[in-house]
$ cat input28.cif   # mmCIF, C-alpha atoms and all ligand atoms
data_protein
#
loop_
_atom_site.group_PDB
_atom_site.id
_atom_site.type_symbol
_atom_site.label_atom_id
_atom_site.label_comp_id
_atom_site.auth_asym_id
_atom_site.auth_seq_id
_atom_site.Cartn_x
_atom_site.Cartn_y
_atom_site.Cartn_z
ATOM 1 C CA MET C 1 11.629 28.505 -50.648
ATOM 2 C CA ILE C 2 8.898 26.917 -48.524
ATOM 3 C CA SER C 3 9.433 23.207 -47.858
ATOM 4 C CA CYS C 4 7.181 20.369 -46.769
ATOM 5 C CA PRO C 5 9.542 17.655 -45.473
ATOM 6 C CA THR C 6 6.847 14.967 -45.144
ATOM 7 C CA ILE C 7 6.413 14.589 -48.941
ATOM 8 C CA ARG C 8 7.909 11.367 -50.360
ATOM 9 C CA LYS C 9 8.649 10.501 -53.985
ATOM 10 C CA ASP C 10 6.865 7.135 -53.857
ATOM 11 C CA VAL C 11 3.744 8.989 -52.710
ATOM 12 C CA ILE C 12 4.010 11.446 -55.640
ATOM 13 C CA ARG C 13 4.338 8.511 -58.042
ATOM 14 C CA ARG C 14 1.347 6.750 -56.493
ATOM 15 C CA HIS C 15 -0.650 9.975 -56.597
ATOM 16 C CA TYR C 16 -0.286 10.197 -60.381
ATOM 17 C CA ASP C 17 -0.837 6.457 -60.847
ATOM 18 C CA VAL C 18 -4.157 6.527 -58.997
ATOM 19 C CA SER C 19 -5.433 10.073 -59.600
ATOM 20 C CA THR C 20 -4.747 10.642 -63.296
ATOM 21 C CA LEU C 21 -8.215 9.388 -64.181
ATOM 22 C CA LEU C 22 -9.710 11.880 -61.725
ATOM 23 C CA TYR C 23 -7.708 14.716 -63.311
ATOM 24 C CA ARG C 24 -8.921 13.573 -66.737
ATOM 25 C CA LEU C 25 -12.572 13.587 -65.601
ATOM 26 C CA LEU C 26 -12.278 16.852 -63.717
ATOM 27 C CA TRP C 27 -10.134 18.913 -66.058
ATOM 28 C CA GLY C 28 -9.098 17.186 -69.293
ATOM 29 C CA PRO C 29 -5.954 15.755 -70.895
ATOM 30 C CA HIS C 30 -3.725 18.615 -69.679
ATOM 31 C CA ILE C 31 -2.891 18.560 -65.971
ATOM 32 C CA HIS C 32 -2.044 22.229 -65.812
ATOM 33 C CA HIS C 33 -3.673 25.627 -65.349
ATOM 34 C CA GLY C 34 -5.616 27.397 -68.069
ATOM 35 C CA TYR C 35 -4.466 30.803 -69.324
ATOM 36 C CA TRP C 36 -7.339 33.267 -69.791
ATOM 37 C CA GLU C 37 -7.378 36.434 -71.854
ATOM 38 C CA GLY C 38 -11.190 36.693 -71.865
ATOM 39 C CA ASN C 39 -14.066 34.274 -71.476
ATOM 40 C CA GLU C 40 -12.508 31.266 -73.178
ATOM 41 C CA SER C 41 -13.622 27.763 -72.226
ATOM 42 C CA PRO C 42 -11.311 25.850 -69.868
ATOM 43 C CA GLN C 43 -10.202 23.617 -72.781
ATOM 44 C CA VAL C 44 -9.202 26.623 -74.875
ATOM 45 C CA ALA C 45 -7.501 28.222 -71.866
ATOM 46 C CA GLN C 46 -5.420 25.082 -71.253
ATOM 47 C CA ILE C 47 -4.184 25.032 -74.849
ATOM 48 C CA GLN C 48 -3.515 28.780 -74.655
ATOM 49 C CA LEU C 49 -1.122 28.279 -71.764
ATOM 50 C CA SER C 50 0.944 25.874 -73.855
ATOM 51 C CA GLU C 51 0.761 28.222 -76.861
ATOM 52 C CA ARG C 52 2.069 31.137 -74.773
ATOM 53 C CA LEU C 53 4.974 28.993 -73.615
ATOM 54 C CA VAL C 54 5.744 27.921 -77.215
ATOM 55 C CA GLU C 55 5.815 31.590 -78.265
ATOM 56 C CA ALA C 56 7.982 32.660 -75.330
ATOM 57 C CA ALA C 57 10.448 29.823 -75.965
ATOM 58 C CA GLY C 58 10.537 30.367 -79.741
ATOM 59 C CA ILE C 59 9.939 26.678 -80.448
ATOM 60 C CA GLU C 60 10.157 25.870 -84.154
ATOM 61 C CA ALA C 61 9.102 23.061 -86.486
ATOM 62 C CA GLY C 62 11.443 20.096 -86.274
ATOM 63 C CA ASP C 63 12.732 20.981 -82.804
ATOM 64 C CA LYS C 64 13.730 18.089 -80.583
ATOM 65 C CA VAL C 65 12.015 18.566 -77.225
ATOM 66 C CA VAL C 66 12.031 16.735 -73.894
ATOM 67 C CA ASP C 67 8.765 17.185 -71.953
ATOM 68 C CA ILE C 68 9.663 16.739 -68.289
ATOM 69 C CA GLY C 69 6.680 15.609 -66.205
ATOM 70 C CA CYS C 70 4.601 14.962 -69.311
ATOM 71 C CA GLY C 71 1.421 13.775 -67.573
ATOM 72 C CA MET C 72 -0.998 12.236 -70.084
ATOM 73 C CA GLY C 73 1.145 13.648 -72.898
ATOM 74 C CA GLY C 74 -1.100 16.647 -73.653
ATOM 75 C CA SER C 75 1.776 19.073 -74.319
ATOM 76 C CA SER C 76 3.863 16.444 -76.091
ATOM 77 C CA ARG C 77 1.063 15.744 -78.575
ATOM 78 C CA LEU C 78 0.413 19.446 -79.110
ATOM 79 C CA LEU C 79 4.116 20.094 -79.760
ATOM 80 C CA ALA C 80 4.247 17.170 -82.185
ATOM 81 C CA SER C 81 0.968 17.701 -84.054
ATOM 82 C CA ARG C 82 0.740 21.483 -84.256
ATOM 83 C CA TYR C 83 4.401 22.500 -84.158
ATOM 84 C CA GLY C 84 6.054 19.513 -85.856
ATOM 85 C CA CYS C 85 8.376 18.749 -82.948
ATOM 86 C CA ASP C 86 9.966 15.440 -82.061
ATOM 87 C CA VAL C 87 9.094 14.892 -78.391
ATOM 88 C CA THR C 88 10.323 12.620 -75.611
ATOM 89 C CA GLY C 89 7.965 12.687 -72.635
ATOM 90 C CA VAL C 90 9.161 11.741 -69.142
ATOM 91 C CA THR C 91 6.816 10.896 -66.289
ATOM 92 C CA LEU C 92 7.223 9.316 -62.875
ATOM 93 C CA SER C 93 3.980 7.386 -63.364
ATOM 94 C CA ALA C 94 3.721 4.073 -65.235
ATOM 95 C CA PHE C 95 -0.015 4.665 -65.690
ATOM 96 C CA GLN C 96 0.620 8.054 -67.335
ATOM 97 C CA ARG C 97 3.330 6.600 -69.570
ATOM 98 C CA ARG C 98 0.920 3.980 -70.911
ATOM 99 C CA TRP C 99 -1.860 6.557 -71.305
ATOM 100 C CA ALA C 100 0.397 9.018 -73.146
ATOM 101 C CA SER C 101 1.773 6.310 -75.461
ATOM 102 C CA MET C 102 -1.665 4.958 -76.337
ATOM 103 C CA ALA C 103 -3.127 8.423 -76.933
ATOM 104 C CA SER C 104 -0.200 9.308 -79.194
ATOM 105 C CA MET C 105 -0.713 6.128 -81.230
ATOM 106 C CA ARG C 106 -4.425 6.878 -81.508
ATOM 107 C CA TYR C 107 -3.678 10.334 -82.927
ATOM 108 C CA GLY C 108 -1.068 8.988 -85.344
ATOM 109 C CA LEU C 109 1.844 10.587 -83.487
ATOM 110 C CA GLY C 110 3.693 7.382 -82.623
ATOM 111 C CA GLN C 111 6.702 8.262 -84.797
ATOM 112 C CA GLN C 112 7.122 11.785 -83.430
ATOM 113 C CA THR C 113 6.641 11.008 -79.739
ATOM 114 C CA ARG C 114 7.888 8.494 -77.200
ATOM 115 C CA PHE C 115 7.261 8.273 -73.470
ATOM 116 C CA VAL C 116 9.436 6.930 -70.691
ATOM 117 C CA ARG C 117 8.676 6.246 -67.061
ATOM 118 C CA ALA C 118 11.635 7.724 -65.217
ATOM 119 C CA ASP C 119 12.589 10.073 -62.437
ATOM 120 C CA ALA C 120 13.586 13.472 -63.835
ATOM 121 C CA GLU C 121 16.002 13.798 -60.914
ATOM 122 C CA SER C 122 18.072 10.821 -62.082
ATOM 123 C CA ILE C 123 17.368 10.242 -65.800
ATOM 124 C CA ASP C 124 20.176 11.287 -68.077
ATOM 125 C CA PHE C 125 20.375 12.274 -71.720
ATOM 126 C CA PRO C 126 23.443 12.964 -73.857
ATOM 127 C CA ALA C 127 24.814 16.491 -73.700
ATOM 128 C CA GLU C 128 23.533 18.956 -76.325
ATOM 129 C CA ASN C 129 20.700 16.616 -77.332
ATOM 130 C CA PHE C 130 17.577 18.839 -77.259
ATOM 131 C CA ASP C 131 16.440 22.165 -78.707
ATOM 132 C CA ALA C 132 14.136 22.617 -75.729
ATOM 133 C CA VAL C 133 13.631 21.289 -72.222
ATOM 134 C CA TRP C 134 9.906 21.855 -71.666
ATOM 135 C CA SER C 135 8.267 21.430 -68.280
ATOM 136 C CA ILE C 136 4.810 22.534 -67.224
ATOM 137 C CA GLU C 137 4.050 22.174 -63.519
ATOM 138 C CA CYS C 138 6.478 19.387 -62.703
ATOM 139 C CA THR C 139 9.396 21.127 -60.993
ATOM 140 C CA GLU C 140 7.150 21.717 -57.956
ATOM 141 C CA HIS C 141 7.494 17.975 -57.326
ATOM 142 C CA LEU C 142 11.300 17.880 -57.548
ATOM 143 C CA PHE C 143 13.331 17.605 -54.358
ATOM 144 C CA ASP C 144 16.551 19.212 -55.628
ATOM 145 C CA LYS C 145 15.369 21.810 -58.137
ATOM 146 C CA PRO C 146 18.724 23.580 -58.715
ATOM 147 C CA ALA C 147 20.425 20.222 -59.421
ATOM 148 C CA PHE C 148 17.723 19.402 -61.985
ATOM 149 C CA VAL C 149 18.215 22.785 -63.715
ATOM 150 C CA ARG C 150 22.001 22.208 -63.851
ATOM 151 C CA ARG C 151 21.619 18.728 -65.369
ATOM 152 C CA ALA C 152 18.880 19.718 -67.806
ATOM 153 C CA ALA C 153 20.962 22.688 -69.015
ATOM 154 C CA GLN C 154 23.587 20.190 -70.195
ATOM 155 C CA TRP C 155 20.996 18.396 -72.372
ATOM 156 C CA LEU C 156 20.378 21.614 -74.344
ATOM 157 C CA LYS C 157 22.064 22.321 -77.663
ATOM 158 C CA PRO C 158 23.652 25.786 -77.928
ATOM 159 C CA GLY C 159 20.765 28.159 -78.655
ATOM 160 C CA GLY C 160 18.303 25.770 -76.973
ATOM 161 C CA ALA C 161 15.701 26.923 -74.462
ATOM 162 C CA MET C 162 14.601 25.769 -71.046
ATOM 163 C CA ALA C 163 10.881 26.579 -70.880
ATOM 164 C CA ILE C 164 9.232 26.133 -67.499
ATOM 165 C CA CYS C 165 5.857 26.960 -65.985
ATOM 166 C CA ALA C 166 5.797 26.533 -62.226
ATOM 167 C CA TRP C 167 3.827 27.196 -59.075
ATOM 168 C CA LEU C 168 5.842 29.623 -56.963
ATOM 169 C CA ALA C 169 6.027 30.924 -53.430
ATOM 170 C CA GLY C 170 5.551 34.692 -53.414
ATOM 171 C CA PRO C 171 8.281 37.019 -52.099
ATOM 172 C CA ASN C 172 8.516 38.331 -48.499
ATOM 173 C CA LEU C 173 5.783 36.168 -46.977
ATOM 174 C CA ASP C 174 4.380 36.651 -43.490
ATOM 175 C CA ALA C 175 3.661 33.692 -41.196
ATOM 176 C CA GLY C 176 0.073 33.290 -42.439
ATOM 177 C CA GLN C 177 1.144 33.276 -46.069
ATOM 178 C CA ARG C 178 3.921 30.767 -45.347
ATOM 179 C CA GLN C 179 1.309 28.488 -43.801
ATOM 180 C CA GLN C 180 -0.857 28.841 -46.935
ATOM 181 C CA VAL C 181 2.057 27.757 -49.131
ATOM 182 C CA PHE C 182 2.812 24.865 -46.783
ATOM 183 C CA ASP C 183 -0.824 23.706 -46.982
ATOM 184 C CA VAL C 184 -0.646 23.774 -50.790
ATOM 185 C CA CYS C 185 2.633 21.803 -50.770
ATOM 186 C CA GLU C 186 1.127 19.209 -48.461
ATOM 187 C CA GLY C 187 -2.141 18.925 -50.399
ATOM 188 C CA PHE C 188 -0.552 18.729 -53.850
ATOM 189 C CA PHE C 189 2.526 16.609 -52.995
ATOM 190 C CA CYS C 190 5.176 19.297 -53.516
ATOM 191 C CA PRO C 191 8.364 18.938 -51.440
ATOM 192 C CA SER C 192 8.869 22.680 -51.881
ATOM 193 C CA LEU C 193 7.757 25.772 -53.768
ATOM 194 C CA ALA C 194 10.477 28.252 -54.710
ATOM 195 C CA THR C 195 10.297 31.960 -55.512
ATOM 196 C CA SER C 196 10.675 33.450 -58.978
ATOM 197 C CA ASP C 197 14.053 34.922 -57.967
ATOM 198 C CA GLU C 198 15.283 31.493 -56.885
ATOM 199 C CA TYR C 199 14.454 29.999 -60.311
ATOM 200 C CA VAL C 200 16.188 32.916 -62.038
ATOM 201 C CA GLY C 201 19.285 32.360 -59.857
ATOM 202 C CA TRP C 202 19.344 28.617 -60.684
ATOM 203 C CA PHE C 203 19.133 29.311 -64.450
ATOM 204 C CA ARG C 204 22.045 31.760 -64.201
ATOM 205 C CA ASP C 205 24.105 29.391 -62.047
ATOM 206 C CA ALA C 206 23.563 26.726 -64.744
ATOM 207 C CA GLY C 207 25.059 29.100 -67.336
ATOM 208 C CA LEU C 208 21.752 29.980 -69.034
ATOM 209 C CA GLU C 209 20.691 33.440 -70.134
ATOM 210 C CA VAL C 210 17.321 34.367 -68.655
ATOM 211 C CA GLU C 211 15.219 35.624 -71.536
ATOM 212 C CA PHE C 212 11.653 35.712 -70.261
ATOM 213 C CA VAL C 213 10.155 35.875 -66.762
ATOM 214 C CA ALA C 214 6.430 36.444 -66.313
ATOM 215 C CA ASP C 215 3.965 36.337 -63.463
ATOM 216 C CA TRP C 216 0.829 34.761 -64.955
ATOM 217 C CA THR C 217 -1.099 34.489 -61.668
ATOM 218 C CA LYS C 218 -3.965 36.728 -62.817
ATOM 219 C CA GLN C 219 -4.300 34.847 -66.110
ATOM 220 C CA VAL C 220 -4.433 31.380 -64.506
ATOM 221 C CA ASP C 221 -6.066 31.535 -61.083
ATOM 222 C CA ARG C 222 -9.602 31.029 -62.464
ATOM 223 C CA THR C 223 -8.581 27.379 -62.881
ATOM 224 C CA TRP C 224 -9.245 26.702 -59.219
ATOM 225 C CA GLU C 225 -12.689 28.309 -59.073
ATOM 226 C CA ILE C 226 -13.711 26.049 -61.930
ATOM 227 C CA CYS C 227 -12.161 22.926 -60.401
ATOM 228 C CA ARG C 228 -13.659 23.661 -56.977
ATOM 229 C CA ASP C 229 -17.116 24.118 -58.504
ATOM 230 C CA ARG C 230 -16.794 20.964 -60.619
ATOM 231 C CA VAL C 231 -15.813 18.881 -57.586
ATOM 232 C CA HIS C 232 -19.065 19.913 -55.907
ATOM 233 C CA ARG C 233 -21.250 19.784 -59.026
ATOM 234 C CA PHE C 234 -20.147 16.352 -60.193
ATOM 235 C CA ALA C 235 -19.797 14.849 -56.696
ATOM 236 C CA ILE C 236 -16.197 13.973 -57.529
ATOM 237 C CA HIS C 237 -15.674 13.021 -53.871
ATOM 238 C CA ARG C 238 -17.950 10.030 -54.392
ATOM 239 C CA VAL C 239 -15.821 8.799 -57.290
ATOM 240 C CA ALA C 240 -12.710 9.604 -55.323
ATOM 241 C CA HIS C 241 -13.819 7.438 -52.409
ATOM 242 C CA TRP C 242 -12.834 4.381 -54.430
ATOM 243 C CA VAL C 243 -9.343 5.800 -54.372
ATOM 244 C CA ASP C 244 -6.946 5.786 -51.438
ATOM 245 C CA ARG C 245 -8.111 8.590 -49.072
ATOM 246 C CA GLY C 246 -4.561 9.907 -48.536
ATOM 247 C CA GLN C 247 -4.206 10.422 -52.281
ATOM 248 C CA ILE C 248 -7.181 12.734 -52.740
ATOM 249 C CA ILE C 249 -6.304 15.355 -50.134
ATOM 250 C CA PHE C 250 -5.846 17.734 -53.110
ATOM 251 C CA LEU C 251 -9.607 17.762 -53.767
ATOM 252 C CA ASP C 252 -10.071 19.599 -50.473
ATOM 253 C CA ARG C 253 -7.310 22.142 -51.156
ATOM 254 C CA PHE C 254 -8.676 23.934 -54.237
ATOM 255 C CA GLN C 255 -9.921 26.848 -52.105
ATOM 256 C CA THR C 256 -6.556 26.852 -50.287
ATOM 257 C CA ILE C 257 -4.608 27.369 -53.498
ATOM 258 C CA LEU C 258 -7.064 30.016 -54.704
ATOM 259 C CA ASP C 259 -6.680 31.853 -51.388
ATOM 260 C CA ALA C 260 -2.884 31.540 -51.653
ATOM 261 C CA TYR C 261 -2.871 33.128 -55.117
ATOM 262 C CA ARG C 262 -5.211 35.909 -54.025
ATOM 263 C CA SER C 263 -3.237 36.734 -50.854
ATOM 264 C CA GLY C 264 0.086 36.877 -52.748
ATOM 265 C CA ALA C 265 1.394 33.796 -50.899
ATOM 266 C CA MET C 266 1.691 32.044 -54.262
ATOM 267 C CA GLU C 267 2.402 33.124 -57.822
ATOM 268 C CA TYR C 268 2.348 31.321 -61.157
ATOM 269 C CA GLY C 269 5.594 31.774 -63.061
ATOM 270 C CA CYS C 270 6.655 31.276 -66.641
ATOM 271 C CA PHE C 271 10.378 31.207 -67.464
ATOM 272 C CA VAL C 272 12.489 30.850 -70.581
ATOM 273 C CA ALA C 273 16.259 30.604 -70.190
ATOM 274 C CA ARG C 274 18.560 30.027 -73.148
ATOM 275 C CA LYS C 275 21.910 28.338 -73.634
ATOM 276 C CA ARG C 276 24.315 30.564 -75.593
HETATM 277 C C1 LIG C 301 0.828 18.539 -62.563
HETATM 278 S S1 LIG C 301 1.332 17.207 -63.579
HETATM 279 C C2 LIG C 301 1.724 18.070 -65.087
HETATM 280 C C3 LIG C 301 1.620 17.173 -66.288
HETATM 281 C C4 LIG C 301 1.890 17.797 -67.642
HETATM 282 N N1 LIG C 301 3.098 18.600 -67.669
HETATM 283 C C5 LIG C 301 0.721 18.617 -68.115
HETATM 284 O O1 LIG C 301 0.886 19.831 -68.156
HETATM 285 O O2 LIG C 301 -0.317 18.046 -68.433
HETATM 286 C C6 LIG C 301 2.942 16.817 -62.904
HETATM 287 C C7 LIG C 301 3.702 15.778 -63.683
HETATM 288 O O3 LIG C 301 5.031 15.687 -63.150
HETATM 289 C C8 LIG C 301 5.397 14.341 -63.103
HETATM 290 N N2 LIG C 301 6.477 14.180 -62.113
HETATM 291 C C9 LIG C 301 6.477 14.500 -60.813
HETATM 292 N N3 LIG C 301 7.676 14.227 -60.261
HETATM 293 C C10 LIG C 301 8.442 13.733 -61.262
HETATM 294 C C11 LIG C 301 9.774 13.245 -61.338
HETATM 295 N N4 LIG C 301 10.579 13.222 -60.267
HETATM 296 N N5 LIG C 301 10.223 12.788 -62.532
HETATM 297 C C12 LIG C 301 9.430 12.786 -63.625
HETATM 298 N N6 LIG C 301 8.157 13.241 -63.608
HETATM 299 C C13 LIG C 301 7.676 13.701 -62.444
HETATM 300 C C14 LIG C 301 4.128 13.604 -62.759
HETATM 301 O O4 LIG C 301 4.249 12.235 -63.080
HETATM 302 C C15 LIG C 301 3.138 14.364 -63.637
HETATM 303 O O5 LIG C 301 3.170 13.827 -64.922
#

$ encode --input "input28.cif" --output "structure tokens"
Amino acid sequence: MISCPTIRKDVIRRHYDVSTLLYRLLWGPHIHHGYWEGNESPQVAQIQLSERLVEAAGIEAGDKVVDIGCGMGGSSRLLASRYGCDVTGVTLSAFQRRWASMASMRYGLGQQTRFVRADAESIDFPAENFDAVWSIECTEHLFDKPAFVRRAAQWLKPGGAMAICAWLAGPNLDAGQRQQVFDVCEGFFCPSLATSDEYVGWFRDAGLEVEFVADWTKQVDRTWEICRDRVHRFAIHRVAHWVDRGQIIFLDRFQTILDAYRSGAMEYGCFVARKR
């Protein structure tokens, strides 16, 4: 695990309160990587990533899902509208909670979805309450990842799945690669990035059976070429200047993350672990 001790939770919360609009303009309603099989558009690629996770997790109509780190509610709405799930979205950001709730109402999904502003590291749900704990690109921001996995495992019904996509540190890094991961953590407000093996160990320690582990780096890394080019093309820095300077450090780190993927310093992992 590579850690960045200067990251604070109030700064992560503020980041999503002030930068969600920038993410929306730059990328769309999903704040996560696209998954490419060919020359799909970025919008299609973003949906494809969620679809691949649905397939891997075996999510079924009527499933009760908690979407941890739900952003603008993109996954929650997809799970509700296309897959007939009942979804509770959790986000650290009050701005995102309002956005997600309003968008769900607009699409007629108010009955099937609800959104709460809460810290995933302290929120609690009754035991055996969900068919799936779903989390795309949120666990990077958690300070005690194994503790979260242990608590979230308790929320699962027997047979339920924990389905996680996460930015990872690669294995056996040299000093230069460790610095690359550190720069990504600092730029994207991640207190740490863990390795794939560490996630697998935490699932097992929480009593879950690890069913699916995939390295999707090659399928997703195009995301950052597109984002980097859009930042230049649409002069996003000019828009971003209205925003707190310390909050938009990530706009200058798109090449850093691309380099980290290409050097092997970082990987993109998809995991499904099931409660028996
Ligand atoms: C990269 S965005 C991903 C959003 C969403 N999963 C998606 O794919 O569009 C990270 C999300 O994690 C949330 N987050 C970060 N730390 C959190 C915490 N401690 N508790 C709850 N949500 C958190 C942020 O508010 C944000 O919604």

$ residues_near_ligand --input "input28.cif" --ligand "ligand LIG 301 (chain C)" --cutoff "6 Å" --atoms "only C-alpha atoms and all ligand atoms" --output "list in words"
Tyr16, His30, Ile31, His32, Gly69, Cys70, Gly71, Gly74, Val90, Thr91, Leu92, Ser93, Ala118, Asp119, Ala120, Glu121, Ser135, Ile136, Glu137, Cys138, His141 and Leu142 of chain C

$ residues_around --input "input28.cif" --residues "Thr256 (chain C)" --least-positions-apart "6" --cutoff "9 Å" --atoms "all atoms listed in the file" --output "ChimeraX atom specification"
/C:180-181,183-184

$ closest_residue --input "input28.cif" --among "C:Arg151, C:Phe189, C:Tyr107, C:Glu51" --to "Asp124 (chain C)" --atoms "only C-alpha atoms"
C:Arg151

$ resolve_selection --input "input28.cif" --expression "the PyMOL selection byres (((chain C and resi 272) around 12) and not hetatm)" --output "ChimeraX atom specification"
/C:52-59,132-136,153,159-166,199-200,203-204,208-214,269-271,273-275

$ resolve_selection --input "input28.cif" --expression "the PyMOL selection byres (((chain C and resi 150) around 8) and not hetatm)" --output "NGL selection string"
:C and (146-149 or 151-154 or 202-203 or 205-206)

$ write_last_selection --input "input28.cif" --atoms "C-alpha atoms" --output "mmCIF file, in the coordinates of the input"
data_model
loop_
_atom_site.group_PDB
_atom_site.id
_atom_site.type_symbol
_atom_site.label_atom_id
_atom_site.label_comp_id
_atom_site.auth_asym_id
_atom_site.auth_seq_id
_atom_site.Cartn_x
_atom_site.Cartn_y
_atom_site.Cartn_z
ATOM 1 C CA PRO C 146 18.724 23.580 -58.715
ATOM 2 C CA ALA C 147 20.425 20.222 -59.421
ATOM 3 C CA PHE C 148 17.723 19.402 -61.985
ATOM 4 C CA VAL C 149 18.215 22.785 -63.715
ATOM 5 C CA ARG C 151 21.619 18.728 -65.369
ATOM 6 C CA ALA C 152 18.880 19.718 -67.806
ATOM 7 C CA ALA C 153 20.962 22.688 -69.015
ATOM 8 C CA GLN C 154 23.587 20.190 -70.195
ATOM 9 C CA TRP C 202 19.344 28.617 -60.684
ATOM 10 C CA PHE C 203 19.133 29.311 -64.450
ATOM 11 C CA ASP C 205 24.105 29.391 -62.047
ATOM 12 C CA ALA C 206 23.563 26.726 -64.744
#

$ atom_distance --input "input28.cif" --atom1 "CA of Thr20 (chain C)" --atom2 "CA of Phe188 (chain C)"
13.1 Å

$ atom_distance --input "input28.cif" --atom1 "CA of Gln255 (chain C)" --atom2 "CA of Pro5 (chain C)"
22.5 Å

$ residues_around --input "input28.cif" --residues "region 37-44 of chain C" --least-positions-apart "2" --cutoff "10 Å" --atoms "only C-alpha atoms" --output "number ranges by chain"
C: 27-30, 33-35, 46-49, 218-220, 222-223, 226-227

$ closest_residue --input "input28.cif" --among "C:Leu26, C:Ile7, C:Met1, C:Ala94" --to "Pro191 (chain C)" --atoms "all atoms listed in the file"
C:Ile7

$ residues_around --input "input28.cif" --residues "Leu156 (chain C)" --least-positions-apart "5" --cutoff "6 Å" --atoms "only C-alpha atoms" --output "PyMOL selection string"
chain C and resi 128-131

$ closest_residue --input "input28.cif" --among "C:Thr217, C:Thr139, C:Gln96, C:Ser75" --to "Cys190 (chain C)" --atoms "all atoms listed in the file"
C:Thr139

$ closest_residue --input "input28.cif" --among "C:Thr6, C:Ser192, C:Ser76, C:Thr88" --to "Ala103 (chain C)" --atoms "all atoms listed in the file"
C:Ser76

$ decode --input "input28.cif" --residues "region 101-118 of chain C" --atoms "N, CA and C atoms" --output "mmCIF file, in the first residue's frame"
data_model
loop_
_atom_site.group_PDB
_atom_site.id
_atom_site.type_symbol
_atom_site.label_atom_id
_atom_site.label_comp_id
_atom_site.auth_asym_id
_atom_site.auth_seq_id
_atom_site.Cartn_x
_atom_site.Cartn_y
_atom_site.Cartn_z
ATOM 1 N N SER C 101 -30.273 13.011 -6.071
ATOM 2 C CA SER C 101 -31.709 12.925 -5.742
ATOM 3 C C SER C 101 -32.540 13.593 -6.828
ATOM 4 N N MET C 102 -32.110 14.788 -7.245
ATOM 5 C CA MET C 102 -32.898 15.521 -8.243
ATOM 6 C C MET C 102 -32.904 14.788 -9.585
ATOM 7 N N ALA C 103 -31.734 14.248 -9.961
ATOM 8 C CA ALA C 103 -31.663 13.528 -11.244
ATOM 9 C C ALA C 103 -32.549 12.277 -11.195
ATOM 10 N N SER C 104 -32.570 11.613 -10.055
ATOM 11 C CA SER C 104 -33.410 10.413 -9.938
ATOM 12 C C SER C 104 -34.881 10.763 -10.062
ATOM 13 N N MET C 105 -35.278 11.861 -9.423
ATOM 14 C CA MET C 105 -36.682 12.323 -9.537
ATOM 15 C C MET C 105 -37.008 12.593 -11.000
ATOM 16 N N ARG C 106 -36.082 13.314 -11.656
ATOM 17 C CA ARG C 106 -36.322 13.722 -13.048
ATOM 18 C C ARG C 106 -36.535 12.491 -13.942
ATOM 19 N N TYR C 107 -35.824 11.417 -13.647
ATOM 20 C CA TYR C 107 -35.956 10.207 -14.473
ATOM 21 C C TYR C 107 -37.011 9.238 -13.921
ATOM 22 N N GLY C 108 -37.797 9.709 -12.964
ATOM 23 C CA GLY C 108 -38.888 8.875 -12.449
ATOM 24 C C GLY C 108 -38.414 7.701 -11.619
ATOM 25 N N LEU C 109 -37.248 7.865 -10.964
ATOM 26 C CA LEU C 109 -36.687 6.747 -10.188
ATOM 27 C C LEU C 109 -36.717 7.030 -8.684
ATOM 28 N N GLY C 110 -37.540 8.002 -8.300
ATOM 29 C CA GLY C 110 -37.589 8.428 -6.902
ATOM 30 C C GLY C 110 -37.985 7.314 -5.937
ATOM 31 N N GLN C 111 -38.830 6.386 -6.400
ATOM 32 C CA GLN C 111 -39.267 5.303 -5.499
ATOM 33 C C GLN C 111 -38.172 4.249 -5.309
ATOM 34 N N GLN C 112 -37.388 4.044 -6.372
ATOM 35 C CA GLN C 112 -36.409 2.942 -6.349
ATOM 36 C C GLN C 112 -35.044 3.363 -5.818
ATOM 37 N N THR C 113 -34.839 4.680 -5.664
ATOM 38 C CA THR C 113 -33.520 5.145 -5.224
ATOM 39 C C THR C 113 -33.668 6.146 -4.086
ATOM 40 N N ARG C 114 -32.665 6.226 -3.260
ATOM 41 C CA ARG C 114 -32.585 7.260 -2.229
ATOM 42 C C ARG C 114 -31.105 7.531 -2.005
ATOM 43 N N PHE C 115 -30.794 8.760 -1.602
ATOM 44 C CA PHE C 115 -29.386 9.143 -1.471
ATOM 45 C C PHE C 115 -29.147 9.789 -0.114
ATOM 46 N N VAL C 116 -28.066 9.379 0.525
ATOM 47 C CA VAL C 116 -27.740 9.957 1.829
ATOM 48 C C VAL C 116 -26.330 10.538 1.792
ATOM 49 N N ARG C 117 -26.184 11.678 2.510
ATOM 50 C CA ARG C 117 -24.842 12.223 2.659
ATOM 51 C C ARG C 117 -24.277 11.645 3.952
ATOM 52 N N ALA C 118 -23.287 10.808 3.823
ATOM 53 C CA ALA C 118 -22.714 10.153 5.011
ATOM 54 C C ALA C 118 -21.316 9.664 4.679
#
